[in-house]
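**Q** Questions regarding the structure given below will be posed in turn.
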Amino acid sequence: MKELVRAIFAPRLSVAAVEKLIDRLLARLSRSRLGPFVRLGRTIRKHREGILAARRLNLSNARAEALNNKAKLIVRRAYGFHSSRAALALILLACGPVTLTLPHDRFAG
């Protein structure tokens with residue numbers, strides 16, 4: 001069943017194929033005698049339209065997760081800084097909209 005859940009989020013699947021996979025998964029989960037699987041089925045049923053909309057619009061939280069992971073790594077590297085402002089400055093430098101102009105680009109005509 002874990003692989004069936006993963007298949008729902010596999011790239012390059014049409015929304016119709018995802019709907020069929022969700023229907024198959026929900027059928028299996030509803031027949032399960034294990035409480036966590038039954039709860040998972042209820043949760044998927046409740047969020048079914050949102051899942052399909054995310055697939056239809058190609059939405060993902062991958063960029064947010066990547067940025068969060070990068071910030072966590074920077075904070076870990078900044079352990080021992082005297083203030084949290086220094087860690088925040090490092091995060092903004094690595095992840096923020098800071099654009100540095102190199103010296104040789106300043107004089108390009």
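Labels used: A, B, ... for chains in the order of the structure tokens, numbers from 1 for residues in each chain, and numbers from 1 for ligands as shown.
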Please identify which residues in stretch 1-108 of chain A DSSP calls alpha helix (DSSP H) from the backbone, and express them as a JSON list (two decimals) with C-alpha atoms, in the first residue's frame.

**A**
[["chain", "number", "residue", "atom", "x", "y", "z"],
["A", 2, "LYS", "CA", 2.94, 2.30, 0.66],
["A", 3, "GLU", "CA", 4.02, 1.95, -2.96],
["A", 4, "LEU", "CA", 0.49, 2.70, -4.15],
["A", 5, "VAL", "CA", 0.54, 5.96, -2.17],
["A", 6, "ARG", "CA", 3.91, 6.81, -3.72],
["A", 7, "ALA", "CA", 2.55, 6.06, -7.18],
["A", 8, "ILE", "CA", -0.10, 8.76, -6.72],
["A", 15, "VAL", "CA", -5.11, 13.28, -13.41],
["A", 16, "ALA", "CA", -7.37, 10.43, -14.63],
["A", 17, "ALA", "CA", -4.66, 7.88, -13.81],
["A", 18, "VAL", "CA", -4.19, 9.45, -10.37],
["A", 19, "GLU", "CA", -7.96, 9.24, -9.76],
["A", 20, "LYS", "CA", -7.90, 5.53, -10.59],
["A", 21, "LEU", "CA", -4.94, 4.97, -8.27],
["A", 22, "ILE", "CA", -6.70, 6.83, -5.45],
["A", 23, "ASP", "CA", -9.86, 4.76, -5.98],
["A", 24, "ARG", "CA", -7.84, 1.53, -5.89],
["A", 25, "LEU", "CA", -5.97, 2.66, -2.79],
["A", 26, "LEU", "CA", -9.17, 3.68, -1.00],
["A", 27, "ALA", "CA", -10.74, 0.31, -1.79],
["A", 28, "ARG", "CA", -7.77, -1.52, -0.30],
["A", 29, "LEU", "CA", -7.60, 0.74, 2.73],
["A", 30, "SER", "CA", -11.31, 0.38, 3.47],
["A", 31, "ARG", "CA", -10.98, -3.42, 3.47],
["A", 35, "GLY", "CA", -6.72, 0.99, 12.36],
["A", 36, "PRO", "CA", -3.96, 3.23, 10.98],
["A", 37, "PHE", "CA", -4.76, 2.16, 7.41],
["A", 38, "VAL", "CA", -8.47, 2.83, 7.91],
["A", 39, "ARG", "CA", -7.60, 6.28, 9.31],
["A", 40, "LEU", "CA", -5.33, 6.93, 6.32],
["A", 41, "GLY", "CA", -8.22, 6.07, 4.00],
["A", 42, "ARG", "CA", -10.48, 8.56, 5.78],
["A", 43, "THR", "CA", -7.83, 11.25, 5.55],
["A", 44, "ILE", "CA", -7.28, 10.65, 1.83],
["A", 45, "ARG", "CA", -11.04, 10.73, 1.21],
["A", 46, "LYS", "CA", -11.28, 14.04, 3.06],
["A", 48, "ARG", "CA", -9.09, 13.88, -2.28],
["A", 49, "GLU", "CA", -10.08, 17.04, -4.16],
["A", 50, "GLY", "CA", -7.03, 18.89, -2.86],
["A", 51, "ILE", "CA", -4.74, 16.05, -3.92],
["A", 52, "LEU", "CA", -6.26, 16.02, -7.40],
["A", 53, "ALA", "CA", -6.04, 19.81, -7.65],
["A", 54, "ALA", "CA", -2.37, 19.71, -6.68],
["A", 55, "ARG", "CA", -1.74, 17.12, -9.38],
["A", 56, "ARG", "CA", -3.78, 19.05, -11.94],
["A", 57, "LEU", "CA", -1.90, 22.31, -11.25],
["A", 62, "ALA", "CA", 9.54, 20.81, -2.83],
["A", 63, "ARG", "CA", 10.99, 24.33, -3.05],
["A", 64, "ALA", "CA", 9.77, 25.24, 0.42],
["A", 65, "GLU", "CA", 11.20, 22.02, 1.85],
["A", 66, "ALA", "CA", 14.53, 22.62, 0.09],
["A", 67, "LEU", "CA", 14.73, 26.16, 1.45],
["A", 68, "ASN", "CA", 13.84, 24.95, 4.95],
["A", 69, "ASN", "CA", 16.55, 22.27, 4.79],
["A", 70, "LYS", "CA", 19.10, 24.82, 3.59],
["A", 71, "ALA", "CA", 18.20, 27.17, 6.46],
["A", 72, "LYS", "CA", 18.52, 24.35, 9.00],
["A", 73, "LEU", "CA", 21.98, 23.46, 7.68],
["A", 74, "ILE", "CA", 23.08, 27.08, 7.89],
["A", 75, "VAL", "CA", 21.78, 27.39, 11.47],
["A", 76, "ARG", "CA", 23.66, 24.23, 12.40],
["A", 77, "ARG", "CA", 26.81, 25.67, 10.85],
["A", 84, "SER", "CA", 20.95, 35.08, 16.31],
["A", 85, "ARG", "CA", 21.29, 38.10, 14.02],
["A", 86, "ALA", "CA", 24.54, 36.68, 12.67],
["A", 87, "ALA", "CA", 22.82, 33.39, 11.83],
["A", 88, "LEU", "CA", 19.93, 35.26, 10.21],
["A", 89, "ALA", "CA", 22.38, 37.32, 8.16],
["A", 90, "LEU", "CA", 24.04, 34.12, 6.96],
["A", 91, "ILE", "CA", 20.64, 32.67, 5.98],
["A", 92, "LEU", "CA", 19.68, 35.84, 4.12],
["A", 93, "LEU", "CA", 23.02, 35.87, 2.34],
["A", 94, "ALA", "CA", 22.65, 32.25, 1.21],
["A", 95, "CYS", "CA", 18.89, 32.18, 0.56],
["A", 103, "PRO", "CA", 33.89, 44.18, -9.49],
["A", 104, "HIS", "CA", 34.48, 43.32, -13.13],
["A", 105, "ASP", "CA", 30.71, 43.64, -13.84],
["A", 106, "ARG", "CA", 30.55, 47.21, -12.48]]

**Q** Atom CA of A:His82 to atom CA of A:Gly96: how many Å, to one decimal?

**A**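 Separation between atom CA of A:His82 and atom CA of A:Gly96: 21.4 Å.
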